[in-house]
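Dumped model00.cif below, it's mmCIF, C-alpha atoms:
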```
data_input
#
loop_
_atom_site.label_atom_id
_atom_site.label_comp_id
_atom_site.auth_asym_id
_atom_site.auth_seq_id
_atom_site.Cartn_x
_atom_site.Cartn_y
_atom_site.Cartn_z
CA MET A 1 -67.01 -162.46 108.35
CA ALA A 2 -68.06 -161.84 104.80
CA PHE A 3 -65.82 -162.76 101.95
CA ILE A 4 -64.30 -159.74 100.35
CA ASP A 5 -63.63 -159.82 96.67
CA TYR A 6 -60.22 -158.25 96.20
CA TYR A 7 -60.69 -158.16 92.45
CA LYS A 8 -63.85 -156.16 92.92
CA ILE A 9 -62.11 -153.77 95.28
CA LEU A 10 -59.49 -153.06 92.67
CA GLY A 11 -62.10 -153.13 89.88
CA ILE A 12 -60.17 -155.63 87.82
CA ASP A 13 -60.86 -158.89 86.12
CA LYS A 14 -59.54 -162.17 87.50
CA SER A 15 -57.34 -162.50 84.47
CA ALA A 16 -55.65 -159.16 85.14
CA SER A 17 -51.87 -159.23 84.80
CA GLU A 18 -49.46 -158.20 87.55
CA ALA A 19 -48.83 -154.99 85.65
CA ASP A 20 -52.57 -154.26 85.48
CA ILE A 21 -52.93 -154.82 89.23
CA LYS A 22 -49.99 -152.55 89.95
CA LYS A 23 -51.33 -149.85 87.67
CA VAL A 24 -54.85 -149.95 89.09
CA TYR A 25 -53.62 -150.09 92.67
CA ARG A 26 -51.42 -147.03 92.16
CA LYS A 27 -54.24 -145.11 90.56
CA LEU A 28 -56.73 -145.93 93.31
CA ALA A 29 -54.17 -145.43 96.07
CA ARG A 30 -53.57 -141.92 94.77
CA LYS A 31 -57.29 -141.33 94.75
CA TYR A 32 -58.04 -142.65 98.23
CA HIS A 33 -54.83 -141.95 100.14
CA PRO A 34 -55.89 -140.62 103.57
CA ASP A 35 -53.42 -137.76 103.39
CA LEU A 36 -55.06 -136.58 100.18
CA ASN A 37 -58.52 -136.97 101.68
CA PRO A 38 -58.27 -135.46 105.14
CA ASN A 39 -61.29 -135.93 107.43
CA ASP A 40 -62.75 -138.50 105.05
CA GLU A 41 -63.32 -141.79 106.86
CA THR A 42 -64.63 -143.48 103.72
CA SER A 43 -61.36 -142.88 101.91
CA LYS A 44 -59.43 -144.19 104.88
CA VAL A 45 -61.37 -147.45 104.88
CA LYS A 46 -61.15 -147.71 101.11
CA PHE A 47 -57.38 -147.19 101.22
CA GLN A 48 -56.98 -149.97 103.78
CA GLU A 49 -59.07 -152.27 101.59
CA LEU A 50 -56.92 -151.39 98.59
CA ASN A 51 -53.75 -152.17 100.51
CA GLU A 52 -55.14 -155.49 101.62
CA ALA A 53 -56.23 -156.38 98.10
CA ASN A 54 -52.92 -155.33 96.63
CA GLU A 55 -51.02 -157.25 99.28
CA VAL A 56 -52.65 -160.47 98.14
CA LEU A 57 -53.08 -159.98 94.43
CA SER A 58 -49.66 -158.51 93.74
CA ASP A 59 -48.00 -161.61 95.20
CA PRO A 60 -48.35 -164.52 92.74
CA GLU A 61 -48.25 -167.17 95.46
CA LYS A 62 -50.82 -165.48 97.64
CA ARG A 63 -52.98 -164.71 94.65
CA LYS A 64 -52.93 -168.38 93.64
CA LYS A 65 -54.15 -169.42 97.09
CA TYR A 66 -56.79 -166.73 97.06
CA ASP A 67 -58.00 -167.77 93.63
CA LYS A 68 -58.21 -171.39 94.75
CA TYR A 69 -60.15 -170.97 97.98
CA GLY A 70 -61.69 -167.55 97.63
CA LYS A 71 -64.87 -168.67 95.92
CA ASP A 72 -65.57 -171.19 98.66
CA TRP A 73 -64.98 -168.83 101.47
CA LYS A 74 -68.41 -169.63 102.91
CA HIS A 75 -67.11 -173.11 103.54
CA ALA A 76 -63.90 -172.01 105.19
CA ASP A 77 -64.93 -173.78 108.41
CA GLU A 78 -65.05 -177.04 106.55
CA PHE A 79 -61.57 -176.45 105.24
CA GLU A 80 -60.44 -175.77 108.74
CA LYS A 81 -61.90 -179.05 109.94
CA GLN A 82 -59.86 -180.73 107.30
CA GLY A 83 -56.90 -179.15 108.97
CA GLN A 84 -55.76 -177.43 105.85
CA TYR A 85 -55.35 -174.06 107.52
CA GLN A 86 -55.65 -174.95 111.17
CA HIS A 87 -52.30 -173.59 112.18
CA GLN A 88 -52.72 -170.33 110.31
CA ARG A 89 -56.20 -169.75 111.72
CA GLN A 90 -55.06 -170.29 115.30
CA SER A 91 -52.28 -167.80 114.93
CA SER A 92 -54.70 -165.37 113.34
CA GLN A 93 -57.05 -165.63 116.31
CA ASN A 94 -54.20 -165.07 118.74
CA ASN A 95 -52.97 -162.01 116.96
CA SER A 96 -54.79 -158.71 116.97
CA SER A 97 -55.64 -157.54 113.51
CA GLN A 98 -54.57 -154.19 112.17
CA PHE A 99 -57.96 -153.96 110.52
CA ASN A 100 -59.94 -155.24 113.48
CA ASP A 101 -62.38 -152.35 113.45
CA GLN A 102 -63.17 -152.86 109.81
CA ASP A 103 -65.07 -155.55 108.03
CA TYR A 104 -62.01 -157.22 106.55
CA SER A 105 -61.69 -160.66 105.24
CA SER A 106 -60.73 -163.22 107.84
CA PHE A 107 -59.49 -165.26 104.91
CA PHE A 108 -56.70 -162.80 104.59
CA GLU A 109 -55.79 -163.07 108.22
CA SER A 110 -56.01 -166.82 108.43
CA MET A 111 -53.89 -167.36 105.40
CA PHE A 112 -51.25 -164.70 105.82
CA GLY A 113 -51.35 -163.77 109.46
CA ASN A 114 -51.50 -160.22 110.76
CA MET A 115 -50.09 -158.05 108.05
CA GLY A 116 -49.65 -154.38 107.68
CA SER A 117 -50.22 -152.17 104.71
CA GLY A 118 -48.66 -152.71 101.32
CA ARG A 119 -45.92 -150.24 102.02
CA GLN A 120 -44.87 -151.89 105.25
CA LYS A 121 -44.60 -155.26 103.58
CA THR A 122 -43.01 -154.45 100.29
CA THR A 123 -40.78 -151.45 100.91
CA SER A 124 -37.12 -152.06 101.48
CA PHE A 125 -35.45 -149.98 104.16
CA LYS A 126 -32.09 -148.42 104.49
CA GLY A 127 -29.91 -149.95 107.20
CA GLN A 128 -29.37 -148.10 110.43
CA ASP A 129 -26.72 -145.40 110.49
CA TYR A 130 -23.75 -145.77 112.79
CA ALA A 131 -22.08 -142.92 114.66
CA SER A 132 -18.53 -142.82 115.93
CA GLU A 133 -16.12 -140.25 117.40
CA ILE A 134 -12.46 -139.62 116.72
CA ARG A 135 -10.41 -137.53 119.13
CA LEU A 136 -7.47 -135.63 117.66
CA SER A 137 -5.04 -132.96 118.78
CA ILE A 138 -5.00 -129.60 117.01
CA PHE A 139 -1.49 -130.53 115.83
CA ASP A 140 -2.89 -133.69 114.18
CA ILE A 141 -5.10 -131.69 111.85
CA LEU A 142 -2.44 -129.38 110.47
CA VAL A 143 -2.00 -131.86 107.63
CA SER A 144 -4.37 -134.40 106.11
CA GLN A 145 -3.90 -137.88 107.46
CA LYS A 146 -5.16 -141.37 106.89
CA GLN A 147 -6.58 -143.57 109.61
CA THR A 148 -7.95 -147.08 109.64
CA LEU A 149 -11.14 -147.66 111.59
CA SER A 150 -12.61 -150.98 112.53
CA VAL A 151 -16.40 -151.04 112.11
CA ASN A 152 -18.22 -154.33 112.72
CA GLY A 153 -15.09 -156.29 111.93
CA LYS A 154 -14.42 -154.39 108.72
CA ASN A 155 -11.45 -152.09 108.37
CA ILE A 156 -12.26 -148.77 106.77
CA ARG A 157 -9.45 -146.51 105.67
CA ILE A 158 -10.45 -142.88 105.86
CA THR A 159 -8.68 -139.66 105.05
CA ILE A 160 -9.09 -136.94 107.63
CA PRO A 161 -8.69 -133.65 105.79
CA ALA A 162 -6.49 -131.02 107.39
CA GLY A 163 -8.43 -128.29 109.16
CA VAL A 164 -11.36 -130.43 110.24
CA GLU A 165 -13.46 -128.56 112.82
CA ASN A 166 -14.15 -129.57 116.39
CA GLY A 167 -17.57 -131.25 116.37
CA GLN A 168 -17.60 -131.65 112.60
CA THR A 169 -19.21 -134.83 111.30
CA ILE A 170 -18.34 -136.60 108.09
CA LYS A 171 -20.53 -139.18 106.42
CA ILE A 172 -19.13 -142.38 104.97
CA SER A 173 -21.87 -143.76 102.79
CA GLY A 174 -22.77 -147.42 102.95
CA HIS A 175 -20.72 -148.32 106.02
CA GLY A 176 -23.64 -148.46 108.46
CA ALA A 177 -25.86 -151.46 109.16
CA GLN A 178 -26.95 -153.69 106.31
CA GLY A 179 -30.14 -152.67 104.49
CA ILE A 180 -33.43 -154.46 105.13
CA ASN A 181 -35.23 -156.30 102.33
CA GLY A 182 -32.48 -155.41 99.90
CA GLY A 183 -32.47 -151.75 100.87
CA PRO A 184 -29.25 -149.74 100.85
CA ASN A 185 -26.80 -150.00 103.72
CA GLY A 186 -26.84 -147.30 106.36
CA ASP A 187 -24.11 -144.70 106.60
CA LEU A 188 -21.31 -144.19 109.06
CA TYR A 189 -21.13 -140.75 110.68
CA ILE A 190 -17.82 -139.83 112.25
CA SER A 191 -17.63 -136.82 114.56
CA PHE A 192 -14.31 -135.22 115.39
CA ILE A 193 -13.31 -133.93 118.77
CA ILE A 194 -10.30 -131.66 118.49
CA ASP A 195 -8.32 -131.14 121.66
CA ASN A 196 -6.61 -127.80 121.86
CA PRO A 197 -4.24 -127.54 124.83
CA THR A 198 -2.38 -124.60 123.25
CA LYS A 199 -2.64 -120.88 123.93
CA PHE A 200 -4.12 -120.41 120.46
CA LYS A 201 -7.85 -119.93 120.26
CA ARG A 202 -9.46 -121.24 117.11
CA ASP A 203 -12.15 -119.30 115.30
CA GLY A 204 -12.93 -121.19 112.11
CA ASN A 205 -9.84 -121.04 109.98
CA ASN A 206 -8.27 -118.26 112.03
CA LEU A 207 -6.26 -118.52 115.21
CA HIS A 208 -6.11 -115.89 117.93
CA LEU A 209 -3.13 -115.36 120.21
CA GLU A 210 -2.65 -112.91 123.04
CA VAL A 211 0.93 -111.65 123.38
CA VAL A 212 2.06 -109.82 126.51
CA LEU A 213 4.58 -107.03 125.92
CA ASP A 214 6.68 -105.43 128.59
CA ILE A 215 6.00 -101.73 129.04
CA PHE A 216 9.34 -100.69 127.57
CA THR A 217 8.83 -102.62 124.32
CA ALA A 218 5.29 -101.28 124.07
CA VAL A 219 6.48 -97.69 124.57
CA LEU A 220 9.77 -97.73 122.72
CA GLY A 221 9.13 -100.46 120.17
CA GLY A 222 11.29 -103.47 119.51
CA GLU A 223 11.35 -106.98 118.20
CA ILE A 224 9.87 -110.13 119.66
CA THR A 225 9.68 -113.75 118.51
CA ILE A 226 6.46 -115.68 118.89
CA ASP A 227 5.49 -119.30 118.26
CA THR A 228 2.87 -120.16 115.70
CA LEU A 229 1.41 -123.69 115.53
CA SER A 230 4.04 -124.73 113.02
CA SER A 231 7.00 -122.35 113.33
CA LYS A 232 8.47 -119.28 114.99
CA VAL A 233 7.85 -115.76 113.68
CA LYS A 234 9.76 -112.55 114.39
CA LEU A 235 7.53 -109.51 114.93
CA THR A 236 8.46 -105.84 114.91
CA ILE A 237 6.67 -103.92 117.64
CA PRO A 238 6.14 -100.27 116.68
CA GLU A 239 6.69 -97.44 119.20
CA GLY A 240 3.67 -96.64 121.29
CA THR A 241 1.87 -99.96 120.79
CA GLN A 242 -1.48 -99.77 122.56
CA VAL A 243 -3.14 -102.43 124.69
CA GLY A 244 -5.60 -104.36 122.54
CA SER A 245 -3.97 -103.46 119.24
CA LYS A 246 -3.94 -106.34 116.78
CA VAL A 247 -1.73 -107.58 114.03
CA LYS A 248 -2.76 -110.15 111.44
CA LEU A 249 -0.25 -112.75 110.28
CA LYS A 250 -1.59 -113.91 106.97
CA GLY A 251 -1.54 -117.65 106.33
CA LYS A 252 -0.41 -118.57 109.82
CA GLY A 253 -3.78 -119.87 110.97
CA MET A 254 -5.40 -123.26 110.49
CA PRO A 255 -5.37 -125.12 107.19
CA ILE A 256 -8.61 -124.47 105.32
CA TYR A 257 -10.73 -127.61 105.16
CA LYS A 258 -10.42 -129.40 101.83
CA LYS A 259 -8.46 -126.52 100.30
CA GLU A 260 -4.97 -127.85 99.95
CA GLY A 261 -2.25 -125.26 100.63
CA GLU A 262 -4.66 -122.58 101.89
CA PHE A 263 -4.57 -121.33 105.46
CA GLY A 264 -6.43 -118.92 107.69
CA ASP A 265 -4.73 -116.10 109.56
CA LEU A 266 -3.16 -115.75 112.97
CA ILE A 267 -4.45 -112.67 114.77
CA VAL A 268 -2.15 -111.44 117.51
CA THR A 269 -3.57 -109.14 120.18
CA TYR A 270 -1.12 -107.21 122.31
CA THR A 271 -1.47 -106.58 126.00
CA VAL A 272 1.05 -104.78 128.18
CA LYS A 273 2.35 -105.97 131.49
CA ILE A 274 2.65 -103.14 133.99
CA PRO A 275 5.81 -103.65 136.05
CA THR A 276 5.55 -104.14 139.79
CA ASN A 277 8.26 -104.19 142.47
CA LEU A 278 10.11 -101.26 140.88
CA THR A 279 13.37 -100.20 142.42
CA GLU A 280 13.64 -96.73 143.88
CA LYS A 281 15.68 -95.63 140.90
CA GLN A 282 13.10 -96.93 138.45
CA LYS A 283 10.37 -95.12 140.36
CA GLU A 284 12.37 -91.87 140.19
CA LEU A 285 12.79 -92.28 136.46
CA PHE A 286 9.06 -92.82 135.98
CA LYS A 287 8.37 -89.70 138.05
CA GLU A 288 10.72 -87.70 135.84
CA ILE A 289 8.90 -89.01 132.74
CA ALA A 290 5.59 -88.09 134.29
CA LYS A 291 6.77 -84.52 134.94
CA ALA A 292 8.16 -84.07 131.44
CA MET B 1 -34.59 -121.25 119.24
CA GLU B 2 -35.44 -123.68 122.05
CA VAL B 3 -33.71 -127.00 121.54
CA GLU B 4 -36.56 -128.94 123.18
CA ASN B 5 -38.81 -128.01 120.26
CA LEU B 6 -36.40 -129.54 117.78
CA ILE B 7 -36.21 -133.14 116.67
CA SER B 8 -32.89 -134.60 115.66
CA LEU B 9 -32.92 -135.32 111.95
CA THR B 10 -30.83 -138.45 112.46
CA GLN B 11 -33.34 -139.84 114.94
CA PHE B 12 -36.27 -138.84 112.76
CA CYS B 13 -34.80 -140.51 109.67
CA GLU B 14 -33.91 -143.66 111.59
CA HIS B 15 -37.43 -143.86 112.95
CA HIS B 16 -38.99 -143.49 109.52
CA SER B 17 -36.26 -145.45 107.69
CA ILE B 18 -35.84 -142.60 105.27
CA ASP B 19 -32.69 -141.20 103.79
CA LYS B 20 -31.53 -137.89 105.20
CA ASP B 21 -30.87 -136.65 101.68
CA PHE B 22 -34.61 -136.81 101.01
CA ILE B 23 -35.28 -134.45 103.92
CA PHE B 24 -32.49 -132.14 102.78
CA SER B 25 -34.06 -132.12 99.30
CA LEU B 26 -37.38 -131.08 100.85
CA ASN B 27 -35.48 -128.27 102.55
CA ASP B 28 -33.85 -127.30 99.24
CA HIS B 29 -37.31 -127.09 97.67
CA ASP B 30 -38.58 -124.92 100.57
CA ILE B 31 -41.19 -127.53 101.44
CA ILE B 32 -39.96 -127.96 105.01
CA GLU B 33 -37.21 -126.25 106.97
CA VAL B 34 -34.17 -128.10 108.28
CA ILE B 35 -32.47 -126.26 111.13
CA THR B 36 -28.73 -126.70 111.62
CA ILE B 37 -27.12 -125.96 114.97
CA ASN B 38 -23.45 -126.80 115.57
CA ASP B 39 -23.38 -128.99 112.47
CA LYS B 40 -26.35 -131.02 113.70
CA SER B 41 -29.60 -130.94 111.78
CA TYR B 42 -33.05 -130.77 113.25
CA ILE B 43 -36.65 -130.28 112.23
CA HIS B 44 -39.00 -128.21 114.29
CA ILE B 45 -41.72 -130.07 116.15
CA ASP B 46 -44.33 -127.95 114.35
CA SER B 47 -43.12 -129.44 111.02
CA LEU B 48 -43.40 -133.01 112.27
CA GLU B 49 -46.95 -133.73 111.08
CA LYS B 50 -46.31 -132.17 107.70
CA THR B 51 -43.02 -134.03 107.22
CA GLU B 52 -44.56 -137.38 108.16
CA LYS B 53 -47.40 -136.74 105.73
CA ILE B 54 -44.85 -136.02 102.98
CA ILE B 55 -42.98 -139.24 103.73
CA ARG B 56 -46.19 -141.24 103.50
CA LEU B 57 -47.01 -139.68 100.15
CA HIS B 58 -43.50 -140.37 98.93
CA LEU B 59 -43.36 -143.99 100.07
CA ASP B 60 -46.98 -145.02 99.51
CA LEU B 61 -47.54 -143.31 96.20
CA SER B 62 -43.99 -142.89 94.85
CA ILE B 63 -44.54 -139.17 94.44
CA ASN B 64 -41.42 -137.19 93.74
CA ILE B 65 -40.50 -133.97 95.48
CA GLU B 66 -41.93 -131.70 92.79
CA GLY B 67 -45.21 -133.59 92.98
CA ILE B 68 -45.22 -133.36 96.76
CA ASP B 69 -44.69 -129.62 96.54
CA VAL B 70 -47.72 -129.23 94.25
CA ILE B 71 -49.86 -131.53 96.43
CA MET B 72 -49.00 -129.71 99.64
CA GLN B 73 -49.86 -126.36 98.07
CA LEU B 74 -53.16 -127.66 96.71
CA LEU B 75 -54.07 -129.29 100.03
CA GLU B 76 -53.46 -126.00 101.75
CA LYS B 77 -55.66 -124.23 99.20
CA ILE B 78 -58.43 -126.80 99.70
CA SER B 79 -58.20 -126.42 103.45
CA ASN B 80 -58.47 -122.63 103.16
CA LEU B 81 -61.45 -122.91 100.81
CA GLU B 82 -63.17 -125.37 103.14
CA ASN B 83 -62.69 -122.98 106.03
CA GLU B 84 -64.08 -120.12 103.94
CA LEU B 85 -67.07 -122.27 102.99
CA ILE B 86 -67.81 -123.07 106.63
CA LEU B 87 -67.52 -119.41 107.53
CA SER B 88 -69.82 -118.38 104.68
CA LYS B 89 -72.40 -120.99 105.67
CA LYS B 90 -72.34 -119.69 109.22
CA LYS B 91 -72.85 -116.12 108.01
CA LEU B 92 -75.76 -117.19 105.79
CA SER B 93 -77.37 -119.06 108.64
CA ILE B 94 -77.58 -115.78 110.56
CA TYR B 95 -79.98 -114.56 107.88
CA GLY B 96 -81.88 -117.83 107.93
CA ILE B 97 -80.45 -118.96 104.60
CA GLU B 98 -79.20 -122.52 104.57
#
```
Encoding of this model in structure tokens:
Amino acid sequence: MAFIDYYKILGIDKSASEADIKKVYRKLARKYHPDLNPNDETSKVKFQELNEANEVLSDPEKRKKYDKYGKDWKHADEFEKQGQYQHQRQSSQNNSSQFNDQDYSSFFESMFGNMGSGRQKTTSFKGQDYASEIRLSIFDILVSQKQTLSVNGKNIRITIPAGVENGQTIKISGHGAQGINGGPNGDLYISFIIDNPTKFKRDGNNLHLEVVLDIFTAVLGGEITIDTLSSKVKLTIPEGTQVGSKVKLKGKGMPIYKKEGEFGDLIVTYTVKIPTNLTEKQKELFKEIAKA
Amino acid sequence: MEVENLISLTQFCEHHSIDKDFIFSLNDHDIIEVITINDKSYIHIDSLEKTEKIIRLHLDLSINIEGIDVIMQLLEKISNLENELILSKKKLSIYGIE
């Protein structure tokens, strides 16, 4: 294959500094980037050439080797006979080249193996994120609490804020896998599963509770005591309470996430239990009421 | 929205080794749309090509989000103009004008 002059590709002099190479590469990469030149095969080829040139010339060690042997590329076979690059050449022949459909320098391949674009080689990557689950009871999240997790042998102390939602995920930055090529560490994502074995139904910060009244309390009114998640509350039932009527108990719901001391509401819905197995006397009394 | 047309943002970011915050910033700038269902974020499969193009521009050319926004708008304009040009050429060819 023909020798390709990387300096010519970048349009720079052999004495160009690293900063010059970087500057020129960036400028040309912007000009020929395939995403900025859709449906333009020439730009695509040019961009690959630029990446290859930059890959070599931006690395002082590679550039030194290139400068030393590049001029004599026509005699590369002789160098090979001398065994200078035998090992590298063999591995190059065994590997498929990313640029195999282009007229790229085999010097590049023989010396550095099968390399990708500049980005693939030089960019550092963030480490992989980890995901974990924590199962809690609804009673556990009435107050904020601290827990210690063990992730890859490291203990991480986390605060679980009161009122965390079922399925909610929190991110703990930097506690995932280690970054690649000096990139930042990944993050740890913790999802919460909140078990709710109670008769309270959660709707965001609010709780819903269905309370069954006996027919006499519903008709005549009275007082009942109900349980909330944290205490007992006495409720006055007005005369003639209808099925499905609701009463809101302010501040008796779930703690509001990350708002210390603030709570949602408890919404109580009344239903009425119709008595069965009435005695004869009770039936008579109902009949009298019905006639009245 | 059908879930099978959505791609998990976590998976997407892992695959491309890109920070989720970058994708959320694109969403904040109305460049792409991030869909959140049950606290999980997704991108629509139709946005995949565009998002990957943006990532390449960001990583290859160090273009910031504002720059990407301008580029994407200009690329769209160019594409529309090219289509108009093709259409006009076709119309002219009807009258034998090349």
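Near chain A, within 8 Å and counting all atoms listed in the file, the residues of chain B are Glu14, Ser17, Ile18, Asp19, Asn38, Asp39, Lys53, Leu57, Leu59, Asp60, Leu61 and Leu75 of chain B.
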What does the distance from CA of Ser58 (chain A) to CA of Ala19 (chain A) come to in Å, to one decimal?
8.9 Å
Given all atoms listed in the file as the counted atoms, nearest of A:Leu142, A:Ile237, A:Leu207, A:Val45 to Gly264 (chain A):
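The closest residue to Gly264 (chain A) is A:Leu207.
Taking CA of Val247 (chain A) and CA of Thr271 (chain A) as endpoints, the distance between them is 12.0 Å.
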For region 63-72 of chain B, please output as a VMD selection string all residues within 7 Å (counting only C-alpha atoms; exclusion window: fewer than 3 positions along the same chain).
chain B and resid 26 31 54 57 to 58 75 to 76
Close residues, Arg135 (chain A) itself excluded, 6 Å, only C-alpha atoms, min 3 positions apart in chain, as a PDB file with C-alpha atoms, in the frame of the given file:
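Done, and the output landed in result27.pdb:
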```
ATOM      1  CA  PHE A 192     -14.310-135.220 115.390  1.00  0.00           C
ATOM      2  CA  ILE A 193     -13.310-133.930 118.770  1.00  0.00           C
ATOM      3  CA  ILE A 194     -10.300-131.660 118.490  1.00  0.00           C
TER       4      ILE A 194
END
```
CA of His16 (chain B) and CA of Ile45 (chain B) are how many Å apart?
15.2 Å
Convert the output of the PyMOL selection byres ((chain B and resi 27) around 12) on the shown file into explicit residues, formatted as a ChimeraX atom specification.
/B:20-26,28-36,41-43,47,51,65,69
Just save region 73-90 of chain B with N, CA, C and O atoms, as a CSV table (one decimal), in the first residue's frame.
```
chain,number,residue,atom,x,y,z
B,73,GLN,N,-30.4,22.5,13.9
B,73,GLN,CA,-31.3,23.4,13.2
B,73,GLN,C,-30.9,23.7,11.8
B,73,GLN,O,-31.6,23.6,10.8
B,74,LEU,N,-29.6,23.9,11.7
B,74,LEU,CA,-29.0,24.3,10.4
B,74,LEU,C,-29.0,23.0,9.5
B,74,LEU,O,-29.3,23.1,8.3
B,75,LEU,N,-28.7,21.9,10.0
B,75,LEU,CA,-28.7,20.6,9.2
B,75,LEU,C,-30.1,20.4,8.7
B,75,LEU,O,-30.3,19.9,7.6
B,76,GLU,N,-31.1,20.6,9.5
B,76,GLU,CA,-32.5,20.4,9.1
B,76,GLU,C,-32.9,21.4,8.0
B,76,GLU,O,-33.5,21.0,7.0
B,77,LYS,N,-32.4,22.6,8.1
B,77,LYS,CA,-32.6,23.6,7.1
B,77,LYS,C,-32.0,23.2,5.8
B,77,LYS,O,-32.6,23.3,4.7
B,78,ILE,N,-30.8,22.7,5.9
B,78,ILE,CA,-30.0,22.3,4.7
B,78,ILE,C,-30.8,21.1,4.0
B,78,ILE,O,-31.0,21.1,2.8
B,79,SER,N,-31.2,20.2,4.8
B,79,SER,CA,-31.9,19.0,4.3
B,79,SER,C,-33.2,19.5,3.6
B,79,SER,O,-33.5,19.0,2.5
B,80,ASN,N,-33.9,20.4,4.2
B,80,ASN,CA,-35.2,20.9,3.6
B,80,ASN,C,-34.9,21.6,2.2
B,80,ASN,O,-35.6,21.4,1.2
B,81,LEU,N,-33.8,22.4,2.2
B,81,LEU,CA,-33.4,23.1,1.0
B,81,LEU,C,-33.0,22.2,-0.1
B,81,LEU,O,-33.3,22.3,-1.3
B,82,GLU,N,-32.3,21.1,0.3
B,82,GLU,CA,-31.8,20.1,-0.7
B,82,GLU,C,-33.1,19.4,-1.3
B,82,GLU,O,-33.1,19.2,-2.5
B,83,ASN,N,-34.0,19.1,-0.4
B,83,ASN,CA,-35.2,18.5,-0.9
B,83,ASN,C,-36.0,19.4,-1.9
B,83,ASN,O,-36.5,18.9,-2.9
B,84,GLU,N,-36.0,20.7,-1.5
B,84,GLU,CA,-36.7,21.6,-2.4
B,84,GLU,C,-36.0,21.8,-3.7
B,84,GLU,O,-36.6,21.9,-4.8
B,85,LEU,N,-34.6,21.7,-3.7
B,85,LEU,CA,-33.8,21.8,-4.9
B,85,LEU,C,-34.1,20.6,-5.8
B,85,LEU,O,-34.3,20.8,-7.0
B,86,ILE,N,-34.2,19.4,-5.2
B,86,ILE,CA,-34.5,18.2,-6.0
B,86,ILE,C,-35.8,18.3,-6.7
B,86,ILE,O,-36.0,18.0,-7.9
B,87,LEU,N,-36.8,18.8,-5.9
B,87,LEU,CA,-38.1,18.9,-6.4
B,87,LEU,C,-38.2,19.9,-7.5
B,87,LEU,O,-38.8,19.7,-8.6
B,88,SER,N,-37.5,21.1,-7.3
B,88,SER,CA,-37.5,22.1,-8.4
B,88,SER,C,-36.9,21.6,-9.7
B,88,SER,O,-37.3,21.9,-10.8
B,89,LYS,N,-35.8,20.8,-9.5
B,89,LYS,CA,-35.1,20.3,-10.7
B,89,LYS,C,-36.0,19.3,-11.4
B,89,LYS,O,-36.0,19.3,-12.7
B,90,LYS,N,-36.8,18.6,-10.7
B,90,LYS,CA,-37.7,17.6,-11.3
B,90,LYS,C,-38.8,18.4,-12.1
B,90,LYS,O,-39.1,18.0,-13.2
```
